[in-house]
file upload.txt (compact mmCIF, C-alpha atoms)
# COMPACT_ATOMS: atom_id res chain seq x y z
CA MET A 119 27.17 -43.79 -51.53
CA ALA A 120 24.42 -43.24 -54.11
CA SER A 121 24.02 -46.00 -56.67
CA LYS A 122 24.53 -45.12 -60.32
CA ARG A 123 21.53 -45.00 -62.61
CA SER A 124 21.72 -46.25 -66.17
CA HIS A 125 21.17 -44.13 -69.28
CA GLU A 126 17.87 -46.00 -69.74
CA ASP A 127 16.72 -44.93 -66.24
CA ILE A 128 17.42 -41.29 -67.05
CA ALA A 129 15.63 -41.59 -70.41
CA ASP A 130 12.55 -42.99 -68.62
CA LEU A 131 12.59 -40.07 -66.14
CA VAL A 132 12.73 -37.58 -69.03
CA ALA A 133 9.82 -39.30 -70.78
CA ASP A 134 7.72 -39.35 -67.58
CA VAL A 135 7.68 -35.54 -67.41
CA GLY A 136 5.19 -35.47 -70.30
CA LEU A 137 6.72 -32.55 -72.21
CA PRO A 138 7.25 -32.65 -76.01
CA GLU A 139 10.10 -34.81 -77.27
CA GLY A 140 13.45 -33.05 -77.29
CA TRP A 141 12.66 -30.67 -74.42
CA VAL A 142 15.82 -31.61 -72.51
CA GLU A 143 18.04 -30.86 -75.52
CA SER A 144 16.23 -27.53 -76.05
CA LEU A 145 16.77 -26.57 -72.41
CA ALA A 146 20.42 -27.68 -72.42
CA SER A 147 21.19 -25.65 -75.57
CA HIS A 148 19.54 -22.46 -74.28
CA GLU A 149 22.03 -19.66 -73.63
CA GLU A 150 20.46 -19.02 -70.20
CA ALA A 151 20.22 -22.71 -69.27
CA ALA A 152 21.89 -22.13 -65.89
CA VAL A 153 19.32 -19.48 -64.89
CA LEU A 154 16.42 -21.64 -66.04
CA LEU A 155 17.68 -24.65 -64.11
CA ALA A 156 18.22 -22.53 -60.99
CA HIS A 157 14.65 -21.21 -61.35
CA VAL A 158 13.22 -24.73 -61.68
CA SER A 159 15.22 -25.94 -58.66
CA GLN A 160 13.85 -23.05 -56.58
CA LEU A 161 10.27 -23.82 -57.60
CA ALA A 162 10.80 -27.50 -56.77
CA ASN A 163 12.42 -26.67 -53.40
CA VAL A 164 15.57 -28.55 -54.43
CA SER A 165 18.63 -27.51 -52.41
CA ASP A 166 22.20 -27.34 -53.68
CA ARG A 167 22.96 -30.34 -51.50
CA ASP A 168 20.16 -32.33 -53.15
CA LEU A 169 21.47 -31.37 -56.59
CA LYS A 170 24.99 -32.47 -55.72
CA ARG A 171 23.72 -35.77 -54.33
CA SER A 172 21.60 -36.35 -57.45
CA ARG A 173 24.53 -35.69 -59.75
CA LEU A 174 26.32 -38.62 -58.14
CA GLU A 175 23.54 -40.92 -59.37
CA LEU A 176 23.97 -39.91 -63.01
CA PRO A 177 25.84 -42.22 -65.38
CA SER A 178 29.46 -41.26 -65.90
CA PHE A 179 29.60 -38.28 -68.24
CA ALA A 180 33.35 -38.62 -68.64
CA ARG A 181 33.12 -42.19 -69.91
CA THR A 182 30.48 -41.22 -72.51
CA LYS A 183 32.36 -38.08 -73.58
CA TRP A 184 35.62 -40.01 -73.83
CA ARG A 185 34.12 -42.31 -76.47
CA GLU A 186 33.19 -39.29 -78.60
CA VAL A 187 36.62 -37.67 -78.22
CA ALA A 188 38.49 -40.95 -78.74
CA ALA A 189 36.98 -41.40 -82.21
CA ALA A 190 38.19 -37.96 -83.32
CA PHE A 191 41.71 -38.47 -81.94
CA HIS A 192 42.12 -42.13 -82.93
CA LEU A 193 42.37 -43.18 -79.29
CA PRO A 194 40.99 -46.36 -77.64
CA LYS A 195 37.30 -46.30 -76.75
CA ALA A 196 38.04 -46.85 -73.05
CA VAL A 197 40.67 -45.07 -70.95
CA LYS A 198 41.84 -48.34 -69.42
CA GLU A 199 42.83 -49.52 -72.93
CA LEU A 200 45.22 -46.57 -73.38
CA THR A 201 48.85 -47.54 -73.77
CA LEU A 202 50.62 -44.93 -71.69
CA ASP A 203 54.21 -43.97 -72.35
CA TYR A 204 56.35 -42.83 -69.44
CA PHE A 205 57.46 -39.23 -69.20
CA THR A 206 58.90 -37.53 -66.15
CA PRO A 207 60.41 -34.03 -66.00
CA PRO A 208 63.96 -33.58 -64.71
CA THR A 209 64.00 -33.73 -60.94
CA CYS A 210 64.46 -30.48 -59.00
CA TRP A 211 65.12 -30.52 -55.27
CA LEU A 212 63.81 -27.74 -53.06
CA PRO A 213 66.01 -26.51 -50.19
CA PRO A 214 65.28 -27.80 -46.65
CA SER A 215 64.24 -24.27 -45.63
CA LEU A 216 61.30 -24.35 -48.05
CA HIS A 217 60.31 -27.86 -46.99
CA LYS A 218 60.24 -26.55 -43.42
CA GLU A 219 58.02 -23.63 -44.49
CA CYS A 220 55.60 -25.99 -46.25
CA PHE A 221 55.56 -28.32 -43.23
CA ARG A 222 54.67 -25.49 -40.86
CA ALA A 223 52.00 -24.08 -43.19
CA GLY A 224 50.43 -27.52 -43.63
CA TRP A 225 50.46 -28.19 -39.89
CA ARG A 226 48.81 -24.84 -39.12
CA THR A 227 46.16 -25.43 -41.77
CA MET A 228 45.25 -28.70 -40.04
CA ASN A 229 44.82 -26.75 -36.81
CA VAL A 230 42.06 -24.83 -38.59
CA TYR A 231 40.43 -27.49 -40.78
CA GLN A 232 41.48 -30.66 -38.91
CA GLU A 233 43.38 -33.50 -40.50
CA ARG A 234 41.89 -35.88 -43.02
CA THR A 235 41.33 -38.55 -40.34
CA TYR A 236 38.38 -36.52 -39.07
CA ARG A 237 37.23 -34.60 -42.13
CA ASN A 238 37.26 -35.91 -45.66
CA GLY A 239 35.27 -33.24 -47.50
CA GLU A 240 36.35 -31.78 -50.81
CA ALA A 241 36.83 -28.25 -49.45
CA VAL A 242 39.14 -29.52 -46.71
CA ARG A 243 41.33 -31.38 -49.19
CA ILE A 244 41.63 -28.26 -51.34
CA LYS A 245 42.69 -26.13 -48.36
CA LEU A 246 45.25 -28.69 -47.18
CA LEU A 247 46.91 -28.93 -50.59
CA GLU A 248 47.03 -25.15 -50.92
CA SER A 249 49.42 -24.94 -47.97
CA TRP A 250 51.99 -26.97 -49.91
CA LEU A 251 51.32 -25.54 -53.35
CA ALA A 252 51.35 -21.80 -52.61
CA PRO A 253 54.97 -21.54 -51.33
CA ILE A 254 56.18 -23.36 -54.47
CA ILE A 255 54.30 -21.08 -56.87
CA MET A 256 55.60 -18.03 -54.98
CA LEU A 257 59.12 -18.94 -56.09
CA PHE A 258 58.21 -17.94 -59.66
CA GLU A 259 57.44 -14.36 -58.56
CA GLY A 260 54.29 -13.90 -60.62
CA LYS A 261 55.45 -15.83 -63.70
CA ALA A 262 53.28 -18.77 -62.60
CA ILE A 263 49.72 -18.03 -61.51
CA ASP A 264 47.42 -20.34 -59.56
CA ASN A 265 43.70 -20.30 -60.40
CA PRO A 266 41.93 -22.29 -57.65
CA GLU A 267 38.52 -23.75 -58.52
CA ALA A 268 39.19 -22.80 -62.14
CA VAL A 269 36.79 -23.56 -64.97
CA VAL A 270 38.62 -25.23 -67.84
CA ALA A 271 37.82 -23.19 -70.94
CA THR A 272 34.82 -24.52 -72.84
CA THR A 273 35.89 -26.69 -75.76
CA THR A 274 34.54 -29.69 -77.60
CA PHE A 275 36.04 -31.82 -74.81
CA THR A 276 34.91 -30.29 -71.52
CA ASP A 277 34.02 -27.13 -69.65
CA SER A 278 34.27 -28.53 -66.13
CA THR A 279 36.20 -27.25 -63.14
CA VAL A 280 39.53 -28.29 -61.67
CA GLU A 281 40.74 -27.72 -58.13
CA TYR A 282 43.82 -25.84 -59.37
CA GLU A 283 44.99 -24.55 -62.73
CA ILE A 284 48.60 -23.36 -62.95
CA VAL A 285 49.04 -20.85 -65.80
CA ILE A 286 52.40 -19.65 -67.11
CA ILE A 287 52.73 -16.78 -69.60
CA GLY A 288 49.18 -17.14 -70.85
CA GLY A 289 49.19 -20.92 -71.33
CA THR A 290 47.80 -23.64 -69.07
CA LEU A 291 50.67 -25.74 -67.76
CA PHE A 292 49.37 -27.89 -64.91
CA LEU A 293 45.90 -29.06 -63.85
CA ILE A 294 45.21 -30.56 -60.42
CA ALA A 295 41.96 -32.50 -60.12
CA GLU A 296 40.37 -34.16 -57.12
CA GLN A 297 39.91 -37.89 -57.24
CA LYS A 298 36.20 -38.40 -56.55
CA TYR A 299 35.38 -41.47 -54.48
CA VAL A 300 31.95 -41.82 -56.09
CA LEU A 301 33.56 -42.50 -59.48
CA GLU A 302 35.58 -45.48 -60.58
CA TYR A 303 39.27 -44.75 -61.02
CA ASP A 304 39.07 -45.01 -64.82
CA ASP A 305 36.27 -42.44 -64.83
CA ASN A 306 38.38 -40.08 -62.72
CA LYS A 307 41.24 -40.59 -65.14
CA ALA A 308 38.94 -39.99 -68.13
CA GLU A 309 37.81 -36.69 -66.59
CA LEU A 310 41.41 -35.57 -66.07
CA PHE A 311 42.47 -36.59 -69.58
CA LEU A 312 39.53 -34.72 -71.12
CA LYS A 313 40.61 -31.63 -69.18
CA LEU A 314 44.19 -32.03 -70.43
CA LEU A 315 42.93 -32.26 -74.02
CA SER A 316 40.81 -29.16 -73.47
CA ALA A 317 43.73 -27.18 -72.02
CA ALA A 318 45.97 -28.23 -74.92
CA GLN A 319 43.33 -27.09 -77.42
CA VAL A 320 43.10 -23.67 -75.75
CA ASN A 321 46.90 -23.39 -75.61
CA ARG A 322 47.04 -24.01 -79.35
CA LYS A 323 44.87 -20.93 -79.93
CA ASN A 324 47.05 -18.85 -77.61
CA LYS A 325 50.28 -19.80 -79.43
CA PRO A 326 52.18 -21.95 -76.90
CA GLY A 327 50.53 -24.71 -78.95
CA GLY A 328 52.72 -27.82 -78.86
CA LEU A 329 53.64 -27.61 -75.19
CA ARG A 330 53.03 -30.58 -72.93
CA VAL A 331 50.20 -30.16 -70.40
CA TYR A 332 50.62 -31.83 -67.00
CA GLY A 333 47.94 -33.21 -64.72
CA LEU A 334 47.69 -34.50 -61.16
CA LEU A 335 44.86 -36.70 -59.89
CA THR A 336 44.84 -36.83 -56.11
CA ASP A 337 42.79 -37.47 -52.99
CA LEU A 338 45.71 -36.31 -50.80
CA THR A 339 46.74 -39.92 -50.21
CA ASP A 340 47.51 -40.98 -53.78
CA PHE A 341 49.24 -38.43 -56.02
CA CYS A 342 49.08 -39.70 -59.62
CA PHE A 343 50.92 -37.57 -62.18
CA TYR A 344 50.14 -37.66 -65.92
CA SER A 345 50.75 -35.49 -68.97
CA TYR A 346 49.54 -34.99 -72.53
CA SER A 347 51.74 -34.08 -75.50
CA PRO A 348 49.84 -32.31 -78.32
CA SER A 349 52.74 -32.82 -80.73
CA THR A 350 52.48 -36.62 -80.51
CA ASN A 351 48.82 -36.80 -79.43
CA SER A 352 49.75 -39.15 -76.60
CA PHE A 353 49.21 -39.39 -72.85
CA ALA A 354 52.02 -40.34 -70.51
CA ALA A 355 52.13 -41.68 -66.96
CA ASP A 356 54.54 -40.35 -64.39
CA GLN A 357 55.01 -41.06 -60.70
CA HIS A 358 52.39 -42.32 -58.30
CA ILE A 359 53.36 -41.06 -54.84
CA VAL A 360 51.54 -42.31 -51.74
CA VAL A 361 51.38 -40.39 -48.44
CA ASN A 362 49.82 -41.28 -45.10
CA PHE A 363 46.67 -39.43 -43.99
CA LYS A 364 47.62 -38.99 -40.30
CA ARG A 365 48.88 -35.54 -39.45
CA ASP A 366 52.50 -36.34 -38.52
CA ASP A 367 53.00 -38.87 -41.28
CA PHE A 368 51.20 -36.73 -43.87
CA CYS A 369 53.38 -33.68 -43.27
CA PHE A 370 56.58 -35.74 -43.34
CA ASP A 371 55.50 -37.75 -46.40
CA MET A 372 54.70 -34.57 -48.36
CA ILE A 373 58.36 -33.59 -48.09
CA GLY A 374 59.78 -37.12 -48.13
CA GLY A 375 57.25 -39.46 -49.72
CA MET A 376 56.18 -42.80 -48.22
CA SER A 377 56.44 -44.77 -51.45
CA SER A 378 56.43 -44.34 -55.19
CA LEU A 379 54.42 -46.96 -57.02
CA SER A 380 54.89 -48.51 -60.42
CA LEU A 381 53.34 -46.03 -62.84
CA ALA A 382 56.86 -45.43 -64.12
CA PRO A 383 60.00 -47.60 -64.28
CA MET A 384 62.07 -47.84 -61.12
CA TYR A 385 64.84 -45.63 -62.45
CA LEU A 386 62.37 -42.72 -62.51
CA HIS A 387 61.64 -43.00 -58.79
CA ASP A 388 64.16 -40.46 -57.58
CA CYS A 389 61.76 -37.73 -56.49
CA ASP A 390 59.52 -39.18 -53.78
CA ALA A 391 58.65 -35.85 -52.13
CA VAL A 392 55.36 -34.43 -53.41
CA THR A 393 56.72 -30.91 -52.96
CA ASN A 394 59.79 -31.69 -55.09
CA LYS A 395 57.56 -33.27 -57.73
CA LEU A 396 55.21 -30.29 -57.91
CA PHE A 397 58.16 -27.93 -58.24
CA SER A 398 59.81 -30.13 -60.91
CA VAL A 399 56.66 -30.18 -63.06
CA ILE A 400 56.14 -26.41 -62.89
CA MET A 401 59.82 -25.63 -63.47
CA CYS A 402 60.04 -27.98 -66.46
CA GLY A 403 56.96 -26.46 -68.06
CA TYR A 404 58.19 -22.95 -67.37
CA LEU A 405 61.56 -23.57 -69.02
CA GLU A 406 59.89 -25.29 -71.97
CA MET A 407 57.64 -22.26 -72.41
CA LEU A 408 60.65 -19.90 -72.34
CA ARG A 409 62.51 -22.01 -74.92
CA THR A 410 59.49 -21.93 -77.21
CA MET A 411 59.19 -18.14 -76.91
CA VAL A 412 62.91 -17.58 -77.54
CA SER A 413 62.81 -19.87 -80.58
CA ALA A 414 59.76 -18.07 -81.97
CA ASN A 415 61.40 -14.66 -81.49
CA GLN A 416 64.59 -15.92 -83.15
CA GLN A 417 62.62 -17.08 -86.19
CA LYS A 418 60.86 -13.70 -86.44
CA ARG A 419 64.20 -11.87 -86.19
CA ASP A 420 65.77 -14.05 -88.86
CA SER A 421 62.84 -13.47 -91.21
CA VAL A 422 63.10 -9.68 -90.71
CA PHE A 423 66.86 -9.72 -91.33
CA SER A 424 66.36 -11.75 -94.50
CA LEU A 425 64.00 -9.06 -95.81
CA LEU A 426 66.44 -6.24 -94.92
CA LYS A 427 69.44 -7.98 -96.40
CA PRO A 428 70.48 -6.16 -99.64
CA ARG A 429 69.88 -8.20 -102.73
CA PRO A 430 72.57 -8.43 -105.42
CA GLN A 431 71.85 -6.09 -108.32
CA THR A 432 71.74 -7.48 -111.82
CA ARG A 433 73.12 -5.55 -114.77
CA CYS A 434 71.07 -5.16 -117.88
call {"tool": "encode", "arguments": {"input": "upload.txt", "output": "structure tokens"}}
result
Amino acid sequence: MASKRSHEDIADLVADVGLPEGWVESLASHEEAAVLLAHVSQLANVSDRDLKRSRLELPSFARTKWREVAAAFHLPKAVKELTLDYFTPPTCWLPPSLHKECFRAGWRTMNVYQERTYRNGEAVRIKLLESWLAPIIMLFEGKAIDNPEAVVATTTFTDSTVEYEIVIIGGTLFLIAEQKYVLEYDDNKAELFLKLLSAAQVNRKNKPGGLRVYGLLTDLTDFCFYSYSPSTNSFAADQHIVVNFKRDDFCFDMIGGMSSLSLAPMYLHDCDAVTNKLFSVIMCGYLEMLRTMVSANQQKRDSVFSLLKPRPQTRC
């Protein structure tokens, strides 16, 4: 694993180039920055693999960005200092027939990509999770859309990617992010929370504004569920479900759950299957979105009726 460099190390590298002061900021703010960087990497014979490895040496962007965002939202300067409430959606149980379908799909996917015991790459984890996620999203018949490898809309918080973005009726409901082993857990959590803030900000522009946004941080062994409520400006912890990484155990644990750890009080631990949990989160968000839309339409109808209602005439 590459060792992290400090901000001072990076500043020294920038100064060693010998270009005028502020050249990095000028390049970063250029509208074609991506093209320019790709051109420079080609000239320097730097491969995509080298770039990815070098990014792992950079100081944590999420930790730095969190400090900036925390000041604006009156949040603690470090994610680990956050006092998380507990929020869990009502539990929904999928029928055994769907669990069987997910089990078979997951097993067949491992025949193609091998199980995590042998391959631990990011792409493999994404493919394995897709086998369990797709049958659940299909139940919503197009009302819920999955955007794999989605770019979270650019905001003041982040413009990074997530492994999956579940969108319902135009609003982001659920973000699934990979837990990166090269980052500390708090940095992974900071990245996810910044993405939740970003999604909530975009939702506010698209009208389903005050709706809770859910997030999952996972490496396909630990499934840590969180959420952010724009109406109270607070993050909440939910279940932490653990599954085994061996093929047989993994497939059974995804529909049964090995254990549920203490992110939430014990009375919330009634939904140990990852598949049930995923379905519960999406269903809860979907129903909340429908309630919001019905309420908004009711208010519009009442305002129209109040305008059409005949006013009492006054005699002169």
call {"tool": "closest_residue", "arguments": {"input": "upload.txt", "among": "A:Ala262, A:Ala391, A:Leu193, A:Met401", "to": "Ser352 of chain A", "atoms": "only C-alpha atoms"}}
result
A:Leu193
call {"tool": "atom_distance", "arguments": {"input": "upload.txt", "atom1": "atom CA of Phe341 of chain A", "atom2": "atom CA of Arg167 of chain A"}}
result
27.9 Å
call {"tool": "residues_around", "arguments": {"input": "upload.txt", "residues": "Leu335 of chain A", "least_positions_apart": "2", "cutoff": "9 Å", "atoms": "all atoms listed in the file", "output": "PyMOL selection string"}}
result
chain A and resi 293-297+306-307+310+333+337+340-344
call {"tool": "write_last_selection", "arguments": {"input": "upload.txt", "atoms": "C-alpha atoms", "output": "tab-separated table (two decimals), keeping the file's coordinate frame"}}
result
chain	number	residue	atom	x	y	z
A	293	LEU	CA	45.90	-29.06	-63.85
A	294	ILE	CA	45.21	-30.56	-60.42
A	295	ALA	CA	41.96	-32.50	-60.12
A	296	GLU	CA	40.37	-34.16	-57.12
A	297	GLN	CA	39.91	-37.89	-57.24
A	306	ASN	CA	38.38	-40.08	-62.72
A	307	LYS	CA	41.24	-40.59	-65.14
A	310	LEU	CA	41.41	-35.57	-66.07
A	333	GLY	CA	47.94	-33.21	-64.72
A	337	ASP	CA	42.79	-37.47	-52.99
A	340	ASP	CA	47.51	-40.98	-53.78
A	341	PHE	CA	49.24	-38.43	-56.02
A	342	CYS	CA	49.08	-39.70	-59.62
A	343	PHE	CA	50.92	-37.57	-62.18
A	344	TYR	CA	50.14	-37.66	-65.92
call {"tool": "residues_near_point", "arguments": {"input": "upload.txt", "point": "(50.2, -18.0, -67.0)", "cutoff": "12 Å", "atoms": "only C-alpha atoms", "output": "ChimeraX atom specification"}}
result
/A:255,258-265,283-292,321,324,326,400,403-404,407-408
call {"tool": "closest_residue", "arguments": {"input": "upload.txt", "among": "A:Tyr332, A:Tyr204, A:Tyr346, A:Phe353", "to": "Val399 of chain A", "atoms": "all atoms listed in the file"}}
result
A:Tyr332
call {"tool": "closest_residue", "arguments": {"input": "upload.txt", "among": "A:Ala146, A:Ala355, A:Ile373, A:Tyr282", "to": "Ala252 of chain A", "atoms": "only C-alpha atoms"}}
result
A:Tyr282
call {"tool": "residues_around", "arguments": {"input": "upload.txt", "residues": "segment 209-225 of chain A", "least_positions_apart": "4", "cutoff": "7 Å", "atoms": "only C-alpha atoms", "output": "list in words"}}
result
Asn229, Leu246, Ser249, Trp250, Pro253, Cys369, Ile373, Cys389, Asn394, Phe397 and Ser398 of chain A
call {"tool": "closest_residue", "arguments": {"input": "upload.txt", "among": "A:Val392, A:Ala151, A:Ile128, A:Ala308", "to": "Leu338 of chain A", "atoms": "all atoms listed in the file"}}
result
A:Val392
call {"tool": "atom_distance", "arguments": {"input": "upload.txt", "atom1": "atom CA of Glu406 of chain A", "atom2": "atom CA of Thr336 of chain A"}}
result
24.7 Å
call {"tool": "residues_around", "arguments": {"input": "upload.txt", "residues": "Phe191 of chain A", "least_positions_apart": "4", "cutoff": "12 Å", "atoms": "only C-alpha atoms", "output": "list of chain:residue names"}}
result
A:Trp184, A:Arg185, A:Glu186, A:Val187, A:Lys195, A:Phe275, A:Leu312, A:Leu315, A:Pro348, A:Thr350, A:Asn351, A:Ser352, A:Phe353
call {"tool": "write_last_selection", "arguments": {"input": "upload.txt", "atoms": "C-alpha atoms", "output": "mmCIF file, keeping the file's coordinate frame"}}
result
data_model
loop_
_atom_site.group_PDB
_atom_site.id
_atom_site.type_symbol
_atom_site.label_atom_id
_atom_site.label_comp_id
_atom_site.auth_asym_id
_atom_site.auth_seq_id
_atom_site.Cartn_x
_atom_site.Cartn_y
_atom_site.Cartn_z
ATOM 1 C CA TRP A 184 35.620 -40.010 -73.830
ATOM 2 C CA ARG A 185 34.120 -42.310 -76.470
ATOM 3 C CA GLU A 186 33.190 -39.290 -78.600
ATOM 4 C CA VAL A 187 36.620 -37.670 -78.220
ATOM 5 C CA LYS A 195 37.300 -46.300 -76.750
ATOM 6 C CA PHE A 275 36.040 -31.820 -74.810
ATOM 7 C CA LEU A 312 39.530 -34.720 -71.120
ATOM 8 C CA LEU A 315 42.930 -32.260 -74.020
ATOM 9 C CA PRO A 348 49.840 -32.310 -78.320
ATOM 10 C CA THR A 350 52.480 -36.620 -80.510
ATOM 11 C CA ASN A 351 48.820 -36.800 -79.430
ATOM 12 C CA SER A 352 49.750 -39.150 -76.600
ATOM 13 C CA PHE A 353 49.210 -39.390 -72.850
#
call {"tool": "atom_distance", "arguments": {"input": "upload.txt", "atom1": "atom CA of Leu155 of chain A", "atom2": "atom CA of Gly136 of chain A"}}
result
17.6 Å
